[in-house]
file final.txt (compact mmCIF, C-alpha atoms)
# COMPACT_ATOMS: atom_id res chain seq x y z
CA MET A 134 87.76 89.51 64.37
CA ASP A 135 87.30 87.51 67.53
CA SER A 136 85.84 89.50 70.41
CA SER A 137 88.41 87.92 72.72
CA LEU A 138 91.48 89.19 70.93
CA LEU A 139 93.83 88.40 73.81
CA ILE A 140 92.76 84.73 73.77
CA THR A 141 93.66 84.36 70.09
CA LEU A 142 97.25 85.55 70.62
CA GLU A 143 99.93 82.90 71.14
CA LYS A 144 103.33 84.63 71.30
CA PRO A 145 105.14 86.34 73.04
CA ARG A 146 103.79 85.11 76.35
CA TRP A 147 105.04 88.07 78.39
CA VAL A 148 103.10 90.52 76.19
CA ILE A 149 99.94 88.45 76.58
CA ALA A 150 100.43 88.26 80.36
CA ALA A 151 101.07 92.03 80.60
CA ALA A 152 98.04 92.83 78.42
CA ASN A 153 95.78 90.60 80.52
CA MET A 154 97.11 92.19 83.71
CA PHE A 155 96.39 95.68 82.34
CA VAL A 156 92.87 94.62 81.34
CA VAL A 157 92.21 93.34 84.87
CA ILE A 158 93.56 96.55 86.42
CA HIS A 159 91.47 98.65 84.05
CA VAL A 160 88.28 96.68 84.64
CA ILE A 161 88.66 96.68 88.42
CA GLY A 162 89.34 100.41 88.47
CA SER A 163 86.66 101.47 86.03
CA TYR A 164 83.95 99.04 87.06
CA GLN A 165 84.34 99.19 90.82
CA ARG A 166 85.21 102.87 91.18
CA ILE A 167 83.36 104.60 88.37
CA TYR A 168 80.49 102.74 86.76
CA ALA A 169 79.17 100.65 89.65
CA MET A 170 79.65 103.23 92.43
CA PRO A 171 76.21 104.87 91.95
CA VAL A 172 74.57 101.44 92.16
CA PHE A 173 76.57 100.56 95.27
CA ASP A 174 75.52 103.84 96.86
CA MET A 175 71.86 103.33 95.97
CA LEU A 176 71.80 99.75 97.29
CA GLU A 177 73.50 100.69 100.54
CA THR A 178 71.20 103.70 101.03
CA VAL A 179 68.09 101.54 100.56
CA LEU A 180 69.42 98.88 102.92
CA VAL A 181 70.33 101.36 105.65
CA LYS A 182 67.53 103.93 105.42
CA GLU A 183 64.53 101.87 104.36
CA LEU A 184 65.34 98.36 105.57
CA LYS A 185 67.08 99.59 108.76
CA PHE A 186 70.35 97.66 108.33
CA THR A 187 73.30 98.86 110.39
CA PRO A 188 75.90 100.55 108.16
CA CYS A 189 79.13 98.58 108.51
CA LEU A 190 81.95 97.10 106.48
CA THR A 191 80.30 93.66 106.43
CA LEU A 192 77.11 95.07 104.87
CA ARG A 193 79.17 96.90 102.26
CA LEU A 194 81.20 93.79 101.38
CA ILE A 195 78.15 91.52 101.15
CA THR A 196 76.11 94.03 99.11
CA ARG A 197 78.90 94.74 96.64
CA THR A 198 79.85 91.08 96.28
CA ILE A 199 76.25 90.07 95.54
CA TYR A 200 75.91 92.89 92.98
CA VAL A 201 79.18 91.97 91.22
CA ALA A 202 78.22 88.27 91.22
CA PHE A 203 74.82 89.14 89.74
CA THR A 204 76.32 91.26 86.96
CA MET A 205 78.88 88.52 86.26
CA PHE A 206 76.05 85.98 85.99
CA ILE A 207 74.23 88.24 83.50
CA ALA A 208 77.47 88.70 81.52
CA ILE A 209 77.95 84.92 81.33
CA LEU A 210 74.30 84.40 80.41
CA ILE A 211 74.49 86.70 77.38
CA PRO A 212 76.81 85.21 74.74
CA PHE A 213 77.14 88.52 72.90
CA PHE A 214 77.98 90.53 76.03
CA GLY A 215 81.20 91.92 74.51
CA SER A 216 79.29 93.30 71.54
CA LEU A 217 76.62 94.67 73.86
CA LEU A 218 79.35 96.49 75.79
CA GLY A 219 80.67 97.87 72.50
CA PHE A 220 77.19 99.07 71.60
CA LEU A 221 76.56 100.75 74.94
CA GLY A 222 80.12 102.04 75.13
CA GLY A 223 79.87 103.74 71.77
CA LEU A 224 76.43 105.10 72.52
CA VAL A 225 76.94 106.27 76.10
CA PHE A 226 80.58 106.33 77.15
CA ALA A 227 82.12 107.77 73.97
CA PRO A 228 80.32 111.11 74.33
CA THR A 229 81.07 111.47 78.03
CA THR A 230 84.70 110.48 77.55
CA TYR A 231 85.74 111.96 74.22
CA PHE A 232 83.80 114.97 73.13
CA LEU A 233 81.61 116.37 75.92
CA PRO A 234 84.67 117.33 78.03
CA CYS A 235 86.10 119.13 74.99
CA ILE A 236 82.85 120.99 74.40
CA MET A 237 82.72 122.01 78.07
CA TRP A 238 86.37 123.11 77.97
CA LEU A 239 85.70 125.23 74.88
CA ALA A 240 82.64 126.78 76.54
CA VAL A 241 84.45 127.57 79.79
CA TYR A 242 87.87 128.75 78.56
CA LYS A 243 86.85 130.19 75.18
CA PRO A 244 90.25 129.82 73.49
CA LYS A 245 91.21 132.00 70.58
CA ARG A 246 89.61 130.73 67.38
CA PHE A 247 91.92 128.60 65.22
CA SER A 248 94.54 128.34 67.99
CA LEU A 249 96.25 125.03 68.73
CA SER A 250 94.00 124.23 71.71
CA TRP A 251 90.90 125.20 69.70
CA PHE A 252 91.93 122.86 66.85
CA THR A 253 92.90 120.05 69.25
CA ASN A 254 89.54 120.16 70.99
CA TRP A 255 87.62 120.26 67.72
CA ILE A 256 89.59 117.28 66.40
CA CYS A 257 88.68 115.36 69.58
CA ILE A 258 85.03 116.39 69.18
CA ILE A 259 84.92 115.22 65.57
CA LEU A 260 86.74 111.93 66.28
CA GLY A 261 84.49 111.32 69.30
CA GLY A 262 81.42 111.94 67.16
CA ILE A 263 82.67 109.51 64.53
CA LEU A 264 83.41 106.92 67.24
CA MET A 265 79.99 107.45 68.80
CA THR A 266 78.41 106.82 65.40
CA LEU A 267 80.46 103.87 64.16
CA ALA A 268 80.94 101.85 67.37
CA PRO A 269 77.23 101.16 68.00
CA ILE A 270 76.68 100.32 64.33
CA GLY A 271 79.52 97.78 64.32
CA ALA A 272 78.49 96.32 67.66
CA LEU A 273 74.85 96.03 66.57
CA ARG A 274 75.95 94.21 63.42
CA GLN A 275 78.00 91.83 65.55
CA ILE A 276 75.05 91.22 67.90
CA ILE A 277 72.81 90.40 64.92
CA LEU A 278 75.40 87.97 63.53
CA GLN A 279 75.87 86.28 66.92
CA ALA A 280 72.12 86.10 67.59
CA ARG A 281 71.75 83.58 64.75
CA THR A 282 73.66 80.99 66.75
CA PHE A 283 72.48 82.09 70.19
CA LYS A 284 73.09 79.63 73.01
CA VAL A 285 72.65 80.54 76.68
CA PHE A 286 75.92 80.23 78.66
CA ALA A 287 77.86 79.81 75.42
call {"tool": "encode", "arguments": {"input": "final.txt", "output": "structure tokens"}}
result
Amino acid sequence: MDSSLLITLEKPRWVIAAANMFVVIHVIGSYQRIYAMPVFDMLETVLVKELKFTPCLTLRLITRTIYVAFTMFIAILIPFFGSLLGFLGGLVFAPTTYFLPCIMWLAVYKPKRFSLSWFTNWICIILGGILMTLAPIGALRQIILQARTFKVFA
């Protein structure tokens, strides 16, 4: 399967346009607000506290733009970036998204054993564990296959 599934689709155009729009919304929301926010905070703290920059909107815009441009450059540089994201996503984000919240919920609320909420959480824990195991394996296989024909900026 092609890693750029949306590019391989041809019809219907409105579904492709809607899917691409949802991908952009998802990436902007998750990347800018969740995953990159600690890096933004660290960079701005170093610039203000250690390098004595004045905290302002201009500093924030320049810092964040440079960081996003740098990560985009790295993503373009690595031809198997999609598979690398799959590897890291399965290894790191699957536990924090799928089964750790369920484990914490079970620990905090202690639902009655074999109740519907108990079963639902355990199903999510098991499926999350399977996803955390299989996603990195598949992504690593894809990285190995793509590394044979490695070309920078491909």
call {"tool": "closest_atom_pairs", "arguments": {"input": "final.txt", "of": "stretch 140-242 of chain A", "to": "stretch 248-270 of chain A", "cutoff": "12 Å", "atoms": "all atoms listed in the file", "output": "Markdown table"}}
result
| residue | atom | partner | partner_atom | distance |
| --- | --- | --- | --- | --- |
| A:Gly215 | CA | A:Pro269 | CA | 12.0 |
| A:Ser216 | CA | A:Pro269 | CA | 8.9 |
| A:Leu217 | CA | A:Pro269 | CA | 8.8 |
| A:Leu218 | CA | A:Pro269 | CA | 9.3 |
| A:Gly219 | CA | A:Ala268 | CA | 6.5 |
| A:Phe220 | CA | A:Pro269 | CA | 4.2 |
| A:Leu221 | CA | A:Pro269 | CA | 7.0 |
| A:Gly222 | CA | A:Pro269 | CA | 7.7 |
| A:Gly223 | CA | A:Met265 | CA | 4.8 |
| A:Leu224 | CA | A:Met265 | CA | 5.7 |
| A:Val225 | CA | A:Met265 | CA | 8.0 |
| A:Phe226 | CA | A:Met265 | CA | 8.4 |
| A:Ala227 | CA | A:Met265 | CA | 5.6 |
| A:Pro228 | CA | A:Gly261 | CA | 6.5 |
| A:Thr229 | CA | A:Gly261 | CA | 9.4 |
| A:Thr230 | CA | A:Gly261 | CA | 8.3 |
| A:Tyr231 | CA | A:Gly261 | CA | 5.1 |
| A:Phe232 | CA | A:Ile258 | CA | 4.4 |
| A:Leu233 | CA | A:Ile258 | CA | 7.6 |
| A:Pro234 | CA | A:Ile258 | CA | 8.9 |
| A:Cys235 | CA | A:Asn254 | CA | 5.4 |
| A:Ile236 | CA | A:Ile258 | CA | 7.3 |
| A:Met237 | CA | A:Asn254 | CA | 10.0 |
| A:Trp238 | CA | A:Asn254 | CA | 8.2 |
| A:Leu239 | CA | A:Trp251 | CA | 7.3 |
| A:Ala240 | CA | A:Trp251 | CA | 10.8 |
| A:Tyr242 | CA | A:Trp251 | CA | 10.0 |
call {"tool": "closest_residue", "arguments": {"input": "final.txt", "among": "A:Phe173, A:Phe203, A:Phe214, A:Tyr168", "to": "A:Leu273", "atoms": "only C-alpha atoms"}}
result
A:Phe214
call {"tool": "closest_residue", "arguments": {"input": "final.txt", "among": "A:Ile199, A:Ile277, A:Met175, A:Val148", "to": "A:Phe213", "atoms": "all atoms listed in the file"}}
result
A:Ile277
call {"tool": "residues_around", "arguments": {"input": "final.txt", "residues": "A:Val172", "least_positions_apart": "4", "cutoff": "10 Å", "atoms": "all atoms listed in the file", "output": "PDB file with C-alpha atoms, keeping the file's coordinate frame"}}
result
ATOM      1  CA  TYR A 168      80.490 102.740  86.760  1.00  0.00           C
ATOM      2  CA  LEU A 176      71.800  99.750  97.290  1.00  0.00           C
ATOM      3  CA  GLU A 177      73.500 100.690 100.540  1.00  0.00           C
ATOM      4  CA  THR A 178      71.200 103.700 101.030  1.00  0.00           C
ATOM      5  CA  ARG A 197      78.900  94.740  96.640  1.00  0.00           C
ATOM      6  CA  TYR A 200      75.910  92.890  92.980  1.00  0.00           C
TER       7      TYR A 200
END
call {"tool": "atom_distance", "arguments": {"input": "final.txt", "atom1": "atom CA of A:Arg193", "atom2": "atom CA of A:Met205"}}
result
18.1 Å
call {"tool": "closest_residue", "arguments": {"input": "final.txt", "among": "A:Thr204, A:Thr196, A:Gln275, A:Asn153", "to": "A:Val179", "atoms": "all atoms listed in the file"}}
result
A:Thr196
call {"tool": "atom_distance", "arguments": {"input": "final.txt", "atom1": "atom CA of A:Leu184", "atom2": "atom CA of A:Ala202"}}
result
21.8 Å
call {"tool": "atom_distance", "arguments": {"input": "final.txt", "atom1": "atom CA of A:Arg274", "atom2": "atom CA of A:Ile209"}}
result
20.3 Å
